[in-house]
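Heads up: the structure comes next, in structure tokens.
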Amino acid sequence: SIAGYLSFMVLGTIVIPHLYPNISWVQCLVAYLMAPFLALPNCYAVGLTDQDNSSMFGKMGIFLFATWSGIDGYGVVTGLVACGILLAATSQAATLMQDFRTAYITGTPPLPMFLVQLGAAFFGVVIAPSTFMIFYNTGLVGVENSEYSAPWGVIYRSMAIFGVEGFSALPKYCAELMIVFFFVTILLDIIQDVLPSKYAVWVPNGLSMGIPFYLGAFTAIDMGVGTVIAAVWSAVNPETATLLLPAVASGLIVGEGLWGIPSAIMATAGVEAPMCMNMMQGPRYPVPDT
């Protein structure tokens with residue numbers, strides 16, 4: 001495993017600066033050398049909580065490498081590329097350890113499991129870019145307020161700009177609001193831990209409230225319907241709800257994600273939906289024909 005990582009580290013250090021000339025080979029090498037030390041705590045955290053924190057380590061890489069390069073050194077591109085290296089390394093390490101744990105629980109030998117993972121990785125090299133191009137050919141990827149607005153791309157780019165320009169890159173009162181809601185979230189968590197469980201369930205979760213601000217309002221209907229289903233199910237049959245709600249929710253999420261592929265194909269072919277619901281604000285937009 002060490003020889004394999006060193007081989008791919010050398011390959012990445014050579015190839016990535018040719019793909020993204022704004023990042024130097026030294027910065028690539030530093031990112032690859034940092035990755036194992038960040039992957040270890042991420043694997044440990046995933047083993048304890050089943051929560052992958054690789055995006056957190058990627059964001060840390062954005063700030064470090066964007067600050068390192070600065071504005072003159074195209075720090076935005078450098079930070080995002082370094083983020084990709086750290087995020088991919090830490091995430092794959094945690095995922096692989098989780099799969100080894102599953103293989104151990106199910107009695108599966110580790111070698112066949114690893115070979116299947118390796119084969120799936122080669123398939124992913126072909127399938128992932130092909131799937132991306134299906135969406136990209138719609139012409140809606142990255143377009144604001146479109147179906148494929150790619151909100152996380154905007155968020156990560158904004159973080160890279162913040163790493164280069166500092167607080168001056170933030171909108172007015174943004175820093176003050178960040179500080180306020182940081183302490184509000186901590187306060188809500190403390191209240192939730194202190195109150196008895198029958199009252200704590202009614203305390204809002206700061207992270208859950210923050211997700212719509214990141215992703216946008218288009219998730220409101222899906223999340224609202226899912227919350228109502230979960231509440232009714234938990235009230236009618238709490239035992240089966242506790243056991244099956246995560247599986248049902250995962251199935252709905254996967255189903256919606258799979259539908260994105262035929263939806264993108266139809267959008268590329270110019271097929272329009274029979275009806276459309278849109279959120280409009282005041283006189284800025286004309287009243288649509290009915």
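Identifiers in the structure tokens: chain A, B, ... in order shown; residue index from 1 per chain; ligand index from 1 in order shown.
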
Any idea what's packed within 9 Å of stretch 2-16 of chain A, counting only C-alpha atoms, ignoring anything in its chain fewer than 3 positions away? Could you give it as an mmCIF file with C-alpha atoms, in the first residue's frame?
```
data_model
loop_
_atom_site.group_PDB
_atom_site.id
_atom_site.type_symbol
_atom_site.label_atom_id
_atom_site.label_comp_id
_atom_site.auth_asym_id
_atom_site.auth_seq_id
_atom_site.Cartn_x
_atom_site.Cartn_y
_atom_site.Cartn_z
ATOM 1 C CA LEU A 19 -3.333 20.063 -16.121
ATOM 2 C CA TYR A 20 -3.461 23.101 -13.813
ATOM 3 C CA PRO A 21 -0.346 25.204 -14.407
ATOM 4 C CA ILE A 23 -0.285 24.978 -8.942
ATOM 5 C CA SER A 24 3.397 24.081 -8.687
ATOM 6 C CA TRP A 25 4.805 20.606 -8.267
ATOM 7 C CA VAL A 26 6.038 21.567 -4.808
ATOM 8 C CA GLN A 27 2.503 22.421 -3.705
ATOM 9 C CA CYS A 28 1.205 19.132 -5.151
ATOM 10 C CA LEU A 29 3.909 17.239 -3.289
ATOM 11 C CA TYR A 32 0.165 14.503 -1.086
ATOM 12 C CA LEU A 33 2.452 14.407 1.964
ATOM 13 C CA VAL A 81 -6.824 21.775 -6.778
#
```

Just list as a PyMOL selection string whatever in stretch 56-200 of chain A DSSP marks as alpha helix (DSSP H). chain A and resi 56-69+75-106+110-136+151-165+174-194+197-200

Let's have the selection written as a short mmCIF file (atom, residue, chain, number, x, y, z; two decimals), in the first residue's frame, with C-alpha atoms.
```
data_model
loop_
_atom_site.label_atom_id
_atom_site.label_comp_id
_atom_site.auth_asym_id
_atom_site.auth_seq_id
_atom_site.Cartn_x
_atom_site.Cartn_y
_atom_site.Cartn_z
CA MET A 56 -13.60 19.52 6.24
CA PHE A 57 -9.99 18.54 5.49
CA GLY A 58 -10.48 19.65 1.89
CA LYS A 59 -11.69 23.06 3.04
CA MET A 60 -8.66 23.33 5.27
CA GLY A 61 -6.52 22.70 2.19
CA ILE A 62 -8.36 25.46 0.33
CA PHE A 63 -7.48 28.05 2.94
CA LEU A 64 -3.86 26.89 3.37
CA PHE A 65 -2.92 26.68 -0.29
CA ALA A 66 -4.97 29.70 -1.41
CA THR A 67 -3.19 31.79 1.22
CA TRP A 68 0.14 30.26 0.19
CA SER A 69 -0.25 31.32 -3.47
CA GLY A 75 -4.56 31.20 -5.21
CA VAL A 76 -8.17 30.35 -6.06
CA VAL A 77 -7.21 27.65 -8.57
CA THR A 78 -4.36 26.42 -6.38
CA GLY A 79 -6.60 26.12 -3.34
CA LEU A 80 -9.30 24.23 -5.23
CA VAL A 81 -6.82 21.78 -6.78
CA ALA A 82 -5.20 21.12 -3.40
CA CYS A 83 -8.67 20.66 -1.94
CA GLY A 84 -9.38 17.99 -4.55
CA ILE A 85 -6.20 16.10 -3.65
CA LEU A 86 -6.84 16.17 0.11
CA LEU A 87 -10.55 15.48 -0.16
CA ALA A 88 -10.12 12.52 -2.51
CA ALA A 89 -7.33 10.97 -0.43
CA THR A 90 -9.04 11.31 2.96
CA SER A 91 -12.45 10.24 1.65
CA GLN A 92 -11.20 7.16 -0.18
CA ALA A 93 -9.12 6.06 2.80
CA ALA A 94 -12.15 6.25 5.11
CA THR A 95 -14.42 4.54 2.57
CA LEU A 96 -11.93 1.72 2.06
CA MET A 97 -11.61 1.15 5.82
CA GLN A 98 -15.39 1.08 6.14
CA ASP A 99 -15.55 -1.54 3.40
CA PHE A 100 -12.87 -3.60 5.14
CA ARG A 101 -14.94 -3.40 8.32
CA THR A 102 -18.05 -4.55 6.43
CA ALA A 103 -16.05 -7.41 4.92
CA TYR A 104 -14.89 -8.43 8.39
CA ILE A 105 -18.44 -8.38 9.77
CA THR A 106 -19.83 -10.41 6.86
CA PRO A 110 -10.22 -8.82 2.38
CA LEU A 111 -8.46 -9.61 -0.90
CA PRO A 112 -11.63 -10.19 -3.00
CA MET A 113 -13.17 -7.10 -1.47
CA PHE A 114 -10.12 -5.03 -2.38
CA LEU A 115 -10.08 -6.41 -5.94
CA VAL A 116 -13.75 -5.50 -6.36
CA GLN A 117 -12.97 -1.99 -5.11
CA LEU A 118 -10.12 -1.74 -7.60
CA GLY A 119 -12.34 -2.87 -10.47
CA ALA A 120 -15.06 -0.42 -9.46
CA ALA A 121 -12.46 2.37 -9.43
CA PHE A 122 -11.54 1.61 -13.05
CA PHE A 123 -15.22 1.62 -14.02
CA GLY A 124 -15.62 4.94 -12.22
CA VAL A 125 -12.88 6.49 -14.34
CA VAL A 126 -15.13 5.94 -17.38
CA ILE A 127 -18.60 6.30 -15.87
CA ALA A 128 -18.05 9.47 -13.81
CA PRO A 129 -16.79 11.71 -16.67
CA SER A 130 -19.44 10.28 -19.03
CA THR A 131 -22.21 11.05 -16.54
CA PHE A 132 -20.82 14.53 -15.98
CA MET A 133 -20.82 15.24 -19.72
CA ILE A 134 -24.50 14.25 -19.92
CA PHE A 135 -25.31 16.96 -17.41
CA TYR A 136 -22.78 19.41 -18.85
CA PRO A 151 -24.17 25.18 -5.47
CA TRP A 152 -21.21 23.42 -3.90
CA GLY A 153 -18.96 24.66 -6.70
CA VAL A 154 -19.94 28.23 -5.88
CA ILE A 155 -19.38 27.60 -2.16
CA TYR A 156 -15.91 26.11 -2.58
CA ARG A 157 -14.86 28.84 -5.00
CA SER A 158 -16.07 31.46 -2.51
CA MET A 159 -13.98 29.82 0.20
CA ALA A 160 -10.93 29.95 -2.05
CA ILE A 161 -11.54 33.66 -2.72
CA PHE A 162 -11.88 34.20 1.01
CA GLY A 163 -8.56 32.40 1.54
CA VAL A 164 -6.87 34.74 -0.94
CA GLU A 165 -8.48 38.08 -0.08
CA CYS A 174 -21.18 38.67 6.64
CA ALA A 175 -18.42 38.25 9.26
CA GLU A 176 -20.70 39.56 12.02
CA LEU A 177 -23.48 37.17 10.98
CA MET A 178 -21.02 34.27 10.89
CA ILE A 179 -19.97 34.96 14.47
CA VAL A 180 -23.55 35.38 15.69
CA PHE A 181 -24.83 32.16 14.13
CA PHE A 182 -21.72 30.28 15.27
CA PHE A 183 -22.58 31.00 18.88
CA VAL A 184 -26.32 30.47 18.24
CA THR A 185 -25.55 26.97 16.93
CA ILE A 186 -23.43 26.14 19.98
CA LEU A 187 -26.17 27.47 22.26
CA LEU A 188 -28.81 25.33 20.55
CA ASP A 189 -26.60 22.24 20.91
CA ILE A 190 -26.08 22.93 24.62
CA ILE A 191 -29.83 23.41 25.15
CA GLN A 192 -30.53 20.17 23.29
CA ASP A 193 -28.08 18.26 25.50
CA VAL A 194 -29.35 19.77 28.76
CA SER A 197 -35.23 13.99 25.57
CA LYS A 198 -38.99 14.62 25.26
CA TYR A 199 -38.31 18.37 25.06
CA ALA A 200 -34.93 18.21 23.28
#
```

What is the atom CA of A:Tyr173-atom CA of A:Glu144 distance in Å, reported with one decimal? 23.1 Å

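Atom CA of A:Val271 to atom CA of A:Ser149 spans 18.9 Å [interatomic distance, one decimal].
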